[in-house]
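K.L.:
My questions all concern the structure below.
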Amino acid sequence: MKPSERRRARRLAVQAIYSWQMSGNNVADVEHEFLTEQTVDGVDIPYFRELFVGAATKHAELDQLVIPYLALRPFEDVDPIEKAILRLAAFELSYRKDTPQKVVVNEAIELAKAFGADDSHKFVNGILDKLIKQK
């Protein structure tokens, strides 16, 4: 498995998580939509499925891992794309022990740079650094 295939899977997964959060649609429907309507060339499809379905179905548990590190910011005020990236990273840190923590954090930072606001990557990095110290 090439690292770029996993990177593409994460990129697609964060977009799917974001879409699911915003639409409120069924997880299976969002998954189907992304696999049939998006370009999936070079994407590790099984990894995408695991990340998206895992992060979406376990979002309440994953949110509880992140919330203590938000300082005074209510979770509902977190930007939806940052929320999607944090859920994805928290899922990988919790359920994919074979993926090095540094890789998870670096990938999350890159996703925040690609999709988030100007300083999103700093926010995501700060939260994940604190989360890793507790794992």
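Going by the structure tokens order, chains are called A, B, ..., each with residues numbered from 1, while ligands are numbered from 1 in the order shown.
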Which neighbours of Ile45 of chain A fall inside 9 Å, counting only C-alpha atoms, when residues of the same chain fewer than 5 positions from it are skipped, and could you give them as a list in words?
P.N.:
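In the requested form, the answer reads Glu5, Arg6, Ala9, Leu35, Val40 and Glu50 of chain A.
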K.L.:
Find the spatial neighbours of segment 77-93 of chain A, counting only C-alpha atoms, within a cut-off of 6 Å - ignore same-chain residues fewer than 4 positions away - and output them as JSON, numbers by chain.
P.N.:
{"A": [14, 17, 18, 55, 62]}
K.L.:
How far is it from atom CA of Ile127 of chain A to atom CA of Leu65 of chain A, in Å with one decimal?
P.N.:
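Here the two named atoms are 10.0 Å from each other.
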K.L.:
Between atom CA of Arg8 of chain A and atom CA of Val43 of chain A, what is the spacing in Å?
P.N.:
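Here the two named atoms are 5.2 Å from each other.
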K.L.:
Enter the distance from atom CA of Leu131 of chain A to atom CA of Gly54 of chain A, in Å, rounded to one decimal.
P.N.:
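Atom CA of Leu131 of chain A sits 18.3 Å away from atom CA of Gly54 of chain A.
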K.L.:
Residues within 7 Å of segment 95-111 of chain A, please, as a list in words. Count only C-alpha atoms; anything in the same chain fewer than 5 positions from it doesn't count.
P.N.:
Arg11, Ile85, Ala89, His121, Val124, Asn125 and Leu128 of chain A
K.L.:
Would you save the residues from that selection as an mmCIF file, in the first residue's frame, using C-alpha atoms?
P.N.:
```
data_model
loop_
_atom_site.group_PDB
_atom_site.id
_atom_site.type_symbol
_atom_site.label_atom_id
_atom_site.label_comp_id
_atom_site.auth_asym_id
_atom_site.auth_seq_id
_atom_site.Cartn_x
_atom_site.Cartn_y
_atom_site.Cartn_z
ATOM 1 C CA ARG A 11 -8.619 13.394 2.195
ATOM 2 C CA ILE A 85 -10.419 16.555 10.813
ATOM 3 C CA ALA A 89 -7.545 11.931 13.608
ATOM 4 C CA HIS A 121 -3.648 23.730 11.194
ATOM 5 C CA VAL A 124 -5.713 21.045 15.021
ATOM 6 C CA ASN A 125 -2.052 20.511 15.899
ATOM 7 C CA LEU A 128 -3.899 16.561 18.794
#
```
K.L.:
Kindly indicate which residue among A:Val66, A:Leu12, A:Met22, A:Val53 lies nearest to Asp41 of chain A, using only C-alpha atoms for the distances.
P.N.:
A:Leu12
K.L.:
For the structure I just gave you, how does DSSP split segment 45-94 of chain A - specifically, which residues are alpha helix (DSSP H)? Reply as a PyMOL selection string.
P.N.:
chain A and resi 45-57+59-66+80-94
